[in-house]
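Reproduced below: run-v5.tsv, with TSV, C-alpha atoms and all ligand atoms.
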```
chain	number	residue	atom	x	y	z
A	1	MET	CA	14.00	9.26	6.55
A	2	LYS	CA	11.21	10.87	4.58
A	3	ILE	CA	10.01	8.41	1.93
A	4	PRO	CA	10.21	10.78	-1.10
A	5	ASP	CA	13.99	11.06	-0.47
A	6	LEU	CA	14.38	7.35	-1.28
A	7	PHE	CA	13.51	8.04	-4.90
A	8	LYS	CA	16.21	10.65	-5.41
A	9	SER	CA	18.93	8.07	-6.23
A	10	GLY	CA	16.98	6.89	-9.29
A	11	LYS	CA	17.12	3.25	-8.12
A	12	THR	CA	13.87	1.24	-8.21
A	13	VAL	CA	12.49	1.48	-4.68
A	14	PHE	CA	11.30	-1.86	-3.27
A	15	SER	CA	8.96	-1.82	-0.28
A	16	PHE	CA	6.60	-4.09	1.66
A	17	GLU	CA	3.17	-3.77	3.23
A	18	ILE	CA	2.23	-5.63	6.40
A	19	PHE	CA	-0.87	-5.53	8.60
A	20	PRO	CA	-1.16	-5.51	12.43
A	21	PRO	CA	-2.22	-8.75	14.15
A	22	LYS	CA	-5.93	-9.55	14.19
A	23	LYS	CA	-7.80	-9.14	17.47
A	24	ASP	CA	-7.01	-12.71	18.60
A	25	GLY	CA	-3.33	-12.45	17.47
A	26	SER	CA	-0.30	-11.39	19.48
A	27	ILE	CA	2.64	-9.00	19.19
A	28	GLU	CA	4.84	-12.07	18.67
A	29	THR	CA	3.31	-12.58	15.22
A	30	VAL	CA	4.49	-9.09	14.26
A	31	TYR	CA	8.06	-9.86	15.32
A	32	LYS	CA	7.94	-13.14	13.41
A	33	THR	CA	6.83	-11.32	10.26
A	34	LEU	CA	9.41	-8.57	10.68
A	35	ASP	CA	12.22	-11.04	11.47
A	36	GLY	CA	11.42	-12.74	8.17
A	37	LEU	CA	11.21	-9.54	6.15
A	38	SER	CA	13.90	-7.25	7.50
A	39	ASP	CA	16.96	-9.08	6.15
A	40	LEU	CA	15.48	-8.68	2.66
A	41	ASN	CA	16.45	-5.01	3.11
A	42	PRO	CA	13.28	-3.34	1.86
A	43	ASP	CA	13.55	0.41	1.38
A	44	PHE	CA	10.57	0.79	3.69
A	45	ILE	CA	7.73	-1.19	5.24
A	46	SER	CA	4.22	0.24	5.48
A	47	VAL	CA	1.69	-0.83	8.11
A	48	THR	CA	-2.04	-0.85	7.36
A	49	TYR	CA	-4.67	0.75	9.56
A	50	GLY	CA	-8.15	-0.51	10.24
A	51	ALA	CA	-9.50	-4.02	10.66
A	52	GLY	CA	-7.98	-5.70	13.73
A	53	GLY	CA	-5.03	-3.87	15.19
A	54	SER	CA	-6.37	-3.70	18.70
A	55	VAL	CA	-3.76	-6.01	20.23
A	56	PRO	CA	-1.99	-4.09	23.04
A	57	GLY	CA	1.39	-2.77	21.87
A	58	ALA	CA	0.68	-3.65	18.25
A	59	SER	CA	-1.24	-0.72	16.81
A	60	THR	CA	-0.28	0.63	13.38
A	61	ARG	CA	1.67	3.43	15.02
A	62	GLU	CA	3.47	1.13	17.43
A	63	ILE	CA	4.46	-1.32	14.68
A	64	ALA	CA	5.69	1.52	12.43
A	65	CYS	CA	7.80	2.64	15.39
A	66	ILE	CA	9.18	-0.90	16.00
A	67	ILE	CA	10.16	-1.16	12.31
A	68	LYS	CA	12.12	2.06	12.58
A	69	GLU	CA	13.65	1.65	16.03
A	70	LYS	CA	14.29	-2.10	16.27
A	71	TYR	CA	14.75	-3.08	12.63
A	72	HIS	CA	16.38	0.18	11.47
A	73	THR	CA	14.11	0.22	8.43
A	74	ASN	CA	12.05	3.17	7.17
A	75	SER	CA	8.35	2.86	7.84
A	76	ILE	CA	5.02	4.38	6.88
A	77	ALA	CA	1.96	4.34	9.15
A	78	HIS	CA	-1.34	4.14	7.22
A	79	LEU	CA	-4.16	6.31	8.58
A	80	THR	CA	-7.79	6.55	7.44
A	81	CYS	CA	-10.14	9.48	8.08
A	82	VAL	CA	-13.63	8.29	7.15
A	83	ASN	CA	-14.54	7.63	10.77
A	84	SER	CA	-12.40	10.35	12.36
A	85	THR	CA	-13.12	13.83	13.65
A	86	LYS	CA	-10.63	16.70	13.72
A	87	GLU	CA	-10.07	15.96	17.42
A	88	ASP	CA	-9.17	12.35	16.60
A	89	ILE	CA	-6.68	13.48	13.97
A	90	ASP	CA	-5.17	16.06	16.33
A	91	ARG	CA	-4.54	13.20	18.76
A	92	PHE	CA	-2.89	11.10	16.04
A	93	ILE	CA	-0.62	13.99	15.07
A	94	GLU	CA	0.51	14.28	18.69
A	95	GLU	CA	1.07	10.52	19.02
A	96	PHE	CA	3.02	10.38	15.75
A	97	LYS	CA	5.20	13.23	16.96
A	98	LEU	CA	5.94	11.51	20.28
A	99	SER	CA	6.70	8.19	18.54
A	100	GLY	CA	9.06	9.67	15.96
A	101	ILE	CA	6.83	8.65	13.04
A	102	GLU	CA	7.87	10.60	9.93
A	103	ASN	CA	5.72	9.11	7.16
A	104	VAL	CA	1.97	8.65	6.84
A	105	LEU	CA	-0.07	7.04	4.05
A	106	ALA	CA	-3.15	9.23	4.31
A	107	LEU	CA	-6.34	7.50	3.21
A	108	ARG	CA	-10.03	8.09	3.30
A	109	GLY	CA	-10.80	4.42	4.04
A	110	ASP	CA	-13.70	2.36	2.71
A	111	ILE	CA	-17.20	3.51	3.60
A	112	ASN	CA	-18.97	0.87	5.66
A	113	PRO	CA	-22.72	1.10	4.87
A	114	GLU	CA	-23.47	0.13	8.46
A	115	ILE	CA	-21.47	2.98	10.01
A	116	GLU	CA	-22.41	6.60	9.47
A	117	PRO	CA	-19.15	8.29	8.34
A	118	LYS	CA	-17.88	11.37	10.14
A	119	HIS	CA	-17.88	14.43	7.93
A	120	ASP	CA	-14.71	16.33	8.89
A	121	PHE	CA	-12.62	14.70	6.12
A	122	PRO	CA	-14.63	13.69	3.03
A	123	HIS	CA	-11.48	12.77	1.06
A	124	ALA	CA	-7.88	11.78	1.68
A	125	SER	CA	-6.84	15.17	0.26
A	126	ASP	CA	-8.73	16.89	3.11
A	127	LEU	CA	-6.84	14.76	5.64
A	128	ILE	CA	-3.50	15.63	4.04
A	129	SER	CA	-4.21	19.39	3.95
A	130	TYR	CA	-5.27	19.34	7.59
A	131	MET	CA	-2.32	17.30	8.87
A	132	LYS	CA	0.25	19.06	6.70
A	133	ALA	CA	-0.69	22.42	8.23
A	134	ARG	CA	-0.12	20.98	11.71
A	135	SER	CA	2.95	18.73	11.43
A	136	ASN	CA	6.24	18.02	9.66
A	137	LEU	CA	5.07	14.60	8.50
A	138	SER	CA	5.63	13.41	4.96
A	139	PHE	CA	2.48	12.21	3.20
A	140	SER	CA	1.90	9.42	0.74
A	141	GLY	CA	-1.42	8.68	-0.95
A	142	ALA	CA	-3.19	5.80	-2.68
A	143	CYS	CA	-3.84	5.67	-6.42
A	144	TYR	CA	-5.83	3.35	-8.66
A	145	PRO	CA	-4.42	2.25	-12.04
A	146	GLU	CA	-7.86	1.05	-13.15
A	147	GLY	CA	-9.79	3.83	-11.38
A	148	HIS	CA	-11.29	3.82	-7.89
A	149	THR	CA	-14.49	1.77	-7.71
A	150	GLU	CA	-16.61	4.79	-6.73
A	151	CYS	CA	-15.40	6.95	-9.60
A	152	ASP	CA	-17.19	6.90	-12.96
A	153	ASN	CA	-14.03	6.88	-15.03
A	154	LEU	CA	-10.25	6.87	-14.78
A	155	ASP	CA	-9.84	10.44	-16.08
A	156	GLU	CA	-12.06	11.82	-13.31
A	157	ASP	CA	-10.23	9.72	-10.72
A	158	ILE	CA	-6.91	11.15	-11.95
A	159	GLU	CA	-8.33	14.70	-11.67
A	160	ASN	CA	-9.12	13.86	-8.04
A	161	LEU	CA	-5.66	12.35	-7.59
A	162	LYS	CA	-4.17	15.65	-8.74
A	163	ILE	CA	-6.08	17.37	-5.89
A	164	LYS	CA	-4.48	14.89	-3.47
A	165	VAL	CA	-1.00	15.62	-4.80
A	166	GLU	CA	-1.60	19.38	-4.70
A	167	ALA	CA	-2.76	18.99	-1.09
A	168	GLY	CA	0.68	17.55	-0.26
A	169	ALA	CA	0.94	13.85	-1.18
A	170	GLU	CA	4.60	13.52	-2.19
A	171	HIS	CA	4.51	9.84	-3.13
A	172	LEU	CA	1.80	7.47	-4.34
A	173	ILE	CA	1.28	3.73	-3.92
A	174	SER	CA	-1.02	1.97	-6.33
A	175	GLN	CA	-3.85	-0.46	-5.78
A	176	LEU	CA	-2.97	-4.03	-6.80
A	177	PHE	CA	-3.22	-4.90	-10.48
A	178	PHE	CA	-2.41	-7.96	-12.58
A	179	ASP	CA	-2.23	-6.33	-15.98
A	180	ASN	CA	0.88	-4.17	-16.33
A	181	SER	CA	-0.48	-2.46	-19.42
A	182	ALA	CA	-3.26	-0.96	-17.23
A	183	PHE	CA	-0.56	0.47	-14.96
A	184	TYR	CA	1.40	1.95	-17.90
A	185	ARG	CA	-1.79	3.56	-19.27
A	186	PHE	CA	-2.46	5.07	-15.87
A	187	ILE	CA	1.10	6.41	-15.51
A	188	ASP	CA	0.92	8.07	-18.93
A	189	LYS	CA	-2.38	9.76	-18.06
A	190	ALA	CA	-1.19	10.83	-14.59
A	191	ARG	CA	2.05	12.33	-15.96
A	192	ALA	CA	0.12	14.09	-18.73
A	193	LYS	CA	-2.05	15.69	-16.01
A	194	GLY	CA	1.09	17.00	-14.30
A	195	ILE	CA	1.27	14.43	-11.48
A	196	ASN	CA	5.03	14.21	-11.10
A	197	VAL	CA	5.54	12.58	-7.71
A	198	PRO	CA	7.03	9.03	-7.52
A	199	ILE	CA	4.40	6.34	-8.11
A	200	GLU	CA	5.00	2.83	-6.78
A	201	ALA	CA	3.29	-0.17	-8.35
A	202	GLY	CA	1.33	-2.29	-5.85
A	203	ILE	CA	1.92	-5.98	-6.48
A	204	MET	CA	-0.05	-8.70	-4.75
A	205	PRO	CA	1.20	-12.25	-5.29
A	206	CYS	CA	-1.73	-14.54	-5.99
A	207	VAL	CA	-0.97	-17.55	-3.83
A	208	ASN	CA	-4.50	-18.36	-2.78
A	209	ALA	CA	-7.16	-18.37	-5.48
A	210	LYS	CA	-10.14	-17.71	-3.16
A	211	GLN	CA	-8.43	-14.84	-1.38
A	212	ILE	CA	-7.48	-13.17	-4.65
A	213	GLN	CA	-11.00	-13.57	-6.08
A	214	ARG	CA	-12.34	-11.79	-2.98
A	215	MET	CA	-9.79	-8.97	-3.35
A	216	VAL	CA	-10.48	-8.58	-7.04
A	217	SER	CA	-14.24	-8.39	-6.49
A	218	MET	CA	-13.62	-5.57	-3.99
A	219	CYS	CA	-11.16	-3.52	-6.03
A	220	GLY	CA	-12.22	-4.36	-9.59
A	221	ALA	CA	-8.76	-5.25	-10.97
A	222	SER	CA	-8.93	-6.74	-14.45
A	223	LEU	CA	-7.60	-10.24	-14.94
A	224	PRO	CA	-5.53	-11.01	-18.05
A	225	GLN	CA	-6.05	-14.40	-19.63
A	226	LYS	CA	-2.54	-15.48	-18.64
A	227	PHE	CA	-3.58	-14.94	-15.02
A	228	THR	CA	-7.03	-16.56	-15.15
A	229	ARG	CA	-5.46	-19.63	-16.78
A	230	LEU	CA	-3.14	-20.01	-13.78
A	231	ILE	CA	-6.06	-19.85	-11.39
A	232	ALA	CA	-8.11	-22.29	-13.44
A	233	LYS	CA	-5.26	-24.79	-13.63
A	234	TYR	CA	-3.67	-24.48	-10.17
A	235	GLY	CA	-6.39	-22.89	-8.00
A	236	GLU	CA	-7.22	-26.19	-6.28
A	237	ASN	CA	-3.58	-27.16	-5.70
A	238	PRO	CA	-2.14	-24.86	-2.97
A	239	GLU	CA	1.55	-25.67	-3.61
A	240	ALA	CA	1.27	-25.27	-7.37
A	241	MET	CA	-0.82	-22.09	-6.98
A	242	ARG	CA	1.81	-20.66	-4.63
A	243	ASP	CA	4.66	-21.35	-7.08
A	244	ALA	CA	2.66	-19.98	-10.02
A	245	GLY	CA	1.60	-16.88	-8.04
A	246	ILE	CA	5.19	-16.14	-7.02
A	247	ALA	CA	6.42	-16.54	-10.61
A	248	TYR	CA	3.61	-14.31	-11.98
A	249	ALA	CA	4.38	-11.54	-9.46
A	250	ALA	CA	8.13	-11.76	-10.20
A	251	ASP	CA	7.38	-11.52	-13.93
A	252	GLN	CA	5.23	-8.44	-13.36
A	253	ILE	CA	8.01	-6.80	-11.33
A	254	ILE	CA	10.72	-7.52	-13.91
A	255	ASP	CA	8.56	-6.03	-16.64
A	256	LEU	CA	7.80	-2.96	-14.48
A	257	ALA	CA	11.49	-2.44	-13.70
A	258	ALA	CA	12.41	-2.78	-17.38
A	259	ASN	CA	9.84	-0.07	-18.09
A	260	GLY	CA	11.37	2.30	-15.56
A	261	VAL	CA	8.84	2.11	-12.71
A	262	ASP	CA	9.69	4.36	-9.72
A	263	GLY	CA	9.13	1.59	-7.21
A	264	VAL	CA	7.40	-1.67	-6.38
A	265	HIS	CA	5.31	-2.11	-3.23
A	266	LEU	CA	4.77	-5.75	-2.39
A	267	TYR	CA	1.58	-6.64	-0.51
A	268	THR	CA	3.22	-9.34	1.63
A	269	MET	CA	0.07	-10.47	3.46
A	270	ASN	CA	2.48	-10.97	6.40
A	271	ASN	CA	4.00	-13.94	4.58
A	272	PRO	CA	7.83	-13.65	4.66
A	273	TYR	CA	8.31	-16.89	2.69
A	274	ILE	CA	6.56	-15.46	-0.35
A	275	ALA	CA	8.22	-12.05	0.00
A	276	ARG	CA	11.60	-13.81	0.18
A	277	LYS	CA	11.01	-15.94	-2.92
A	278	ILE	CA	9.95	-12.90	-4.93
A	279	SER	CA	12.72	-10.66	-3.59
A	280	GLU	CA	15.35	-13.25	-4.41
A	281	SER	CA	14.17	-13.64	-7.97
A	282	VAL	CA	14.12	-9.90	-8.71
A	283	SER	CA	16.94	-8.52	-6.54
A	284	ASN	CA	19.53	-8.13	-9.31
A	285	VAL	CA	16.96	-6.63	-11.66
A	286	LEU	CA	15.96	-4.01	-9.10
A	287	LYS	CA	19.59	-3.15	-8.36
A	288	SER	CA	20.61	-2.59	-11.96
B	1	LIG	P1	-9.76	9.28	-1.76
B	1	LIG	O1	-8.48	9.71	-2.34
B	1	LIG	O2	-10.49	10.21	-0.87
B	1	LIG	O3	-10.71	8.83	-2.99
B	1	LIG	C1	-11.95	8.20	-2.75
B	1	LIG	C2	-12.92	8.51	-3.88
B	1	LIG	O4	-13.24	9.91	-3.88
B	1	LIG	C3	-12.34	8.24	-5.27
B	1	LIG	O5	-13.38	7.75	-6.08
B	1	LIG	C4	-11.85	9.60	-5.74
B	1	LIG	O6	-11.88	9.72	-7.18
B	1	LIG	C5	-12.84	10.54	-5.08
B	1	LIG	N1	-12.21	11.81	-4.70
B	1	LIG	C6	-11.01	11.97	-4.10
B	1	LIG	N2	-10.77	13.27	-3.83
B	1	LIG	C7	-11.85	13.94	-4.27
B	1	LIG	C8	-12.21	15.32	-4.27
B	1	LIG	N3	-11.40	16.25	-3.73
B	1	LIG	N4	-13.41	15.67	-4.81
B	1	LIG	C9	-14.26	14.73	-5.33
B	1	LIG	N5	-13.96	13.41	-5.35
B	1	LIG	C10	-12.78	13.02	-4.82
B	1	LIG	N6	-7.95	1.02	3.67
B	1	LIG	C11	-7.89	0.89	5.02
B	1	LIG	O7	-8.96	0.89	5.67
B	1	LIG	N7	-6.70	0.78	5.69
B	1	LIG	C12	-5.51	0.79	5.04
B	1	LIG	O8	-4.46	0.69	5.66
B	1	LIG	C13	-5.51	0.92	3.60
B	1	LIG	N8	-4.36	0.96	2.90
B	1	LIG	C14	-4.39	1.13	1.53
B	1	LIG	C15	-3.19	1.21	0.83
B	1	LIG	C16	-3.19	1.39	-0.56
B	1	LIG	C17	-1.87	1.49	-1.31
B	1	LIG	C18	-4.43	1.47	-1.26
B	1	LIG	C19	-4.45	1.62	-2.76
B	1	LIG	C20	-5.63	1.39	-0.58
B	1	LIG	C21	-5.63	1.23	0.84
B	1	LIG	N9	-6.82	1.18	1.57
B	1	LIG	C22	-6.78	1.04	2.94
B	1	LIG	C23	-8.12	1.22	0.88
B	1	LIG	C24	-8.67	2.67	0.77
B	1	LIG	O9	-8.99	3.15	2.05
B	1	LIG	C25	-9.90	2.62	-0.14
B	1	LIG	O10	-9.55	2.30	-1.44
B	1	LIG	C26	-10.82	3.84	-0.08
B	1	LIG	O11	-12.06	3.49	-0.70
B	1	LIG	C27	-10.30	5.08	-0.79
B	1	LIG	O12	-9.29	5.66	-0.09
B	1	LIG	P2	-8.44	6.88	-0.76
B	1	LIG	O13	-7.52	7.36	0.28
B	1	LIG	O14	-7.89	6.48	-2.06
B	1	LIG	O15	-9.63	7.92	-0.95
```

Write out the structure in this file as C-alpha cells.
Amino acid sequence: MKIPDLFKSGKTVFSFEIFPPKKDGSIETVYKTLDGLSDLNPDFISVTYGAGGSVPGASTREIACIIKEKYHTNSIAHLTCVNSTKEDIDRFIEEFKLSGIENVLALRGDINPEIEPKHDFPHASDLISYMKARSNLSFSGACYPEGHTECDNLDEDIENLKIKVEAGAEHLISQLFFDNSAFYRFIDKARAKGINVPIEAGIMPCVNAKQIQRMVSMCGASLPQKFTRLIAKYGENPEAMRDAGIAYAADQIIDLAANGVDGVHLYTMNNPYIARKISESVSNVLKS
C-alpha cells in the first residue's frame, strides 16, 4: 500500500522506525526486532539507510521487503542521495521495482566533512523529482519542527520544505522533538505556507541519557524543563530512566493525538520492549 493512503481514514497513523544490523550484527537480530514489533500492528515500519547495513541479506531494501512479504506490514525504505550519482539512483530504482518496494523516504543525508559529496542531487527535493519521473514509487520526506541545523531560520527551512512537497513528497516525518509546542508552531507555519500533506510527529523515547544527549547535540532539539529534570534525576539509574522515558514519550503522544496530529512515528531504536510499553499505553487513545 502507498503510505499516503493510510491517512485517508482520518485515524491517527502509528508507525515505527528500525535500522539494519550493524556491520558485526546478523540478519537474526532483524527478525528478533520484527518479531517483537509486528504484533503491535503498526501502520507501517520504516527502515533507515546509511551507517552499517552491510550484513548480507539485511540491506535497507531487503529488510523493507521482509517487512512487507513476511510480516504483511507496510514498509518504507529510506534512501539518501548525498553520496550517490544518477547511475547509483537508477540502480536503486531498478532494485526497488524488482523487490516490490512501493514507498521511499527520500533524504539528502548528512554531509560528512571527510567525504566529498557527489553533486547530482544537492537536496532531497532533487532526488524526489528525479525518481518520480522514473518510477511509480510513493515518496515521503523529512521535516524539522525546530528547523534543520544548516538552515538559518525555521521560515526559510519551511520554504525549502515546500519545494520538497512540490517535487512530490506526499507525506512527511518529523525529526525528533521533546517540546510539543515546537511541533504545533511548526505545523501552523507549514499549513499557512500551503503544505497540506500528512505530517507525522517523530517521537524518540529517552531511555538512555547519554544517547539522547548525543542525538540532541546533533539535531538541536530543545529540551523543556520537565524533560531535563527527568534526566537530572534518573539519568544515572537505567531502570528509572527507562520508565521515565517511556512515560514522557507516551505523554507526548497522548497530547499530540488530542491535538489532532496526522500520525506518530516512533523511533524504536530496535527495542521492541520500549515500543510495546508505549504502544500499550496509547493504543486506545490512537484508536479513538
Ligand atoms: P534536505 O531536504 O535536502 O534539506 C537539507 C538542508 O537543505 C536544509 O537545511 C534545507 O532547508 C535545505 N534545502 C532543502 N531543499 C533546498 C532547496 N531546494 N534549496 C535550498 N536549500 C534547500 N539520515 C541518514 O543518513 N539515513 C536515514 O535513514 C535517515 N533517516 C531520517 C529520517 C527522518 C524522519 C529524519 C528527520 C532524518 C533522517 N536522516 C537520515 C537525517 C537526514 O539525512 C539529515 O537530517 C540531513 O541533514 C538532511 O536530510 P533532508 O532529506 O532533510 O535534506

task = Could you please determine the separation between CA of Ala209 in chain A and CA of Leu79 in chain A in Å, to one decimal place?
result =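 Spanning CA of Ala209 in chain A to CA of Leu79 in chain A is a straight-line distance of 28.6 Å.
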
message = Around ligand LIG 1 (chain B), which protein and nucleic acid residues have at least one atom no more than 7 Å from it, if we count all atoms listed in the file? List them as a VMD selection string.
response = chain A and resid 47 to 50 78 to 80 106 to 111 122 to 125 141 to 144 148 to 151 156 to 157 160 to 161 163 to 164 173 to 175 202

task = Could you check how far CA of Ile212 in chain A sits from CA of Ile231 in chain A, in Å to one decimal?
result =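 CA of Ile231 in chain A lies at a distance of 9.6 Å from CA of Ile212 in chain A.
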
request  = Would you list the contacts of Lys68 in chain A as a list in words, taking every protein, DNA or RNA residue within 12 Å and counting only C-alpha atoms, but skipping same-chain residues closer than 2 positions in sequence?
outcome  =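 Close residues of Lys68 in chain A: Met1, Lys2, Leu34, Ser38, Asp43, Phe44, Ile45, Ser46, Val47, Arg61, Glu62, Ile63, Ala64, Cys65, Ile66, Lys70, Tyr71, His72, Thr73, Asn74, Ser75, Ile76, Ala77, Ser99, Gly100, Ile101, Glu102 and Asn103 of chain A.
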
message = If we count all atoms listed in the file and set the cut-off at 9 Å, which residues sit around His119 in chain A, ignoring sequence neighbours fewer than 6 positions away in its own chain? Please answer as number ranges by chain.
response = A: 82-85

task = Identify which of the residues A:Ala182, A:Arg134, A:Ile187, A:Ala258 lies closest to Ser288 in chain A, counting only C-alpha atoms when measuring atom-to-atom distances.
result = A:Ala258

message = Just to confirm, what's the straight-line distance from CA of Ala221 in chain A to CA of Asn208 in chain A in Å (one decimal)?
response =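 One can read the CA of Ala221 in chain A to CA of Asn208 in chain A distance as 16.0 Å.
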
message = Taking 3 positions as the minimum chain separation for residues in the same chain, which residues sit within 7 Å of range 126-132 of chain A when counting all atoms listed in the file? Answer as a list of chain:residue names.
response =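 In the requested form, the answer reads A:Cys81, A:Ala106, A:Phe121, A:Pro122, A:His123, A:Ser135, A:Asn136, A:Leu137, A:Phe139, A:Ala167, A:Gly168.
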
inquiry  = I'd like to know which of A:Leu176, A:Arg242, A:Pro21, A:Asp262 is closest to Asn196 in chain A, using only C-alpha atoms.
reply    =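 Closest candidate: A:Asp262.
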
task = With a distance cut-off of 12 Å and only C-alpha atoms, select the neighbouring residues of Arg191 in chain A, excluding the residue or stretch itself and same-chain residues fewer than 5 positions from it, and output the selection as a list of chain:residue names.
result =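 Listing them by chain and then by number gives A:Ile158, A:Glu159, A:Leu161, A:Lys162, A:Tyr184, A:Arg185, A:Phe186, A:Asn196, A:Val197, A:Pro198, A:Ile199.
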
I need the chosen residues saved as a PDB file, in the frame of the given file, with C-alpha atoms.
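Final file, selection28.pdb:
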```pdb
ATOM      1  CA  ILE A 158      -6.910  11.150 -11.950  1.00  0.00           C
ATOM      2  CA  GLU A 159      -8.330  14.700 -11.670  1.00  0.00           C
ATOM      3  CA  LEU A 161      -5.660  12.350  -7.590  1.00  0.00           C
ATOM      4  CA  LYS A 162      -4.170  15.650  -8.740  1.00  0.00           C
ATOM      5  CA  TYR A 184       1.400   1.950 -17.900  1.00  0.00           C
ATOM      6  CA  ARG A 185      -1.790   3.560 -19.270  1.00  0.00           C
ATOM      7  CA  PHE A 186      -2.460   5.070 -15.870  1.00  0.00           C
ATOM      8  CA  ASN A 196       5.030  14.210 -11.100  1.00  0.00           C
ATOM      9  CA  VAL A 197       5.540  12.580  -7.710  1.00  0.00           C
ATOM     10  CA  PRO A 198       7.030   9.030  -7.520  1.00  0.00           C
ATOM     11  CA  ILE A 199       4.400   6.340  -8.110  1.00  0.00           C
TER      12      ILE A 199
END
```

task = Find the spatial neighbours of Met204 in chain A, counting only C-alpha atoms, within a cut-off of 9 Å - ignore same-chain residues fewer than 5 positions away - and output them as a list in words.
result = Leu176, Phe177, Phe178, Ile212, Gly245, Ala249, His265, Leu266, Tyr267, Thr268 and Met269 of chain A

Pick from A:Lys118, A:Glu236, A:Val216, A:Phe16, whichever lies nearest to Gly36 in chain A using only C-alpha atoms =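 Checking each candidate against Gly36 in chain A, we get A:Phe16 as the closest.
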
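Minimum distance to Ile27 in chain A across A:Ser9, A:Asn41, A:Asn180, A:Ser59 (counting only C-alpha atoms) occurs at A:Ser59.
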
ask   = From the set A:Asp24, A:Asp255, A:Asp179, A:Glu200, which residue has the shortest atom-to-atom contact distance to Lys226 in chain A, counting only C-alpha atoms?
value = A:Asp179

key: Given only C-alpha atoms as the counted atoms, nearest of A:Ser279, A:Asn284, A:Gly263, A:Tyr273 to Phe7 in chain A   = A:Gly263
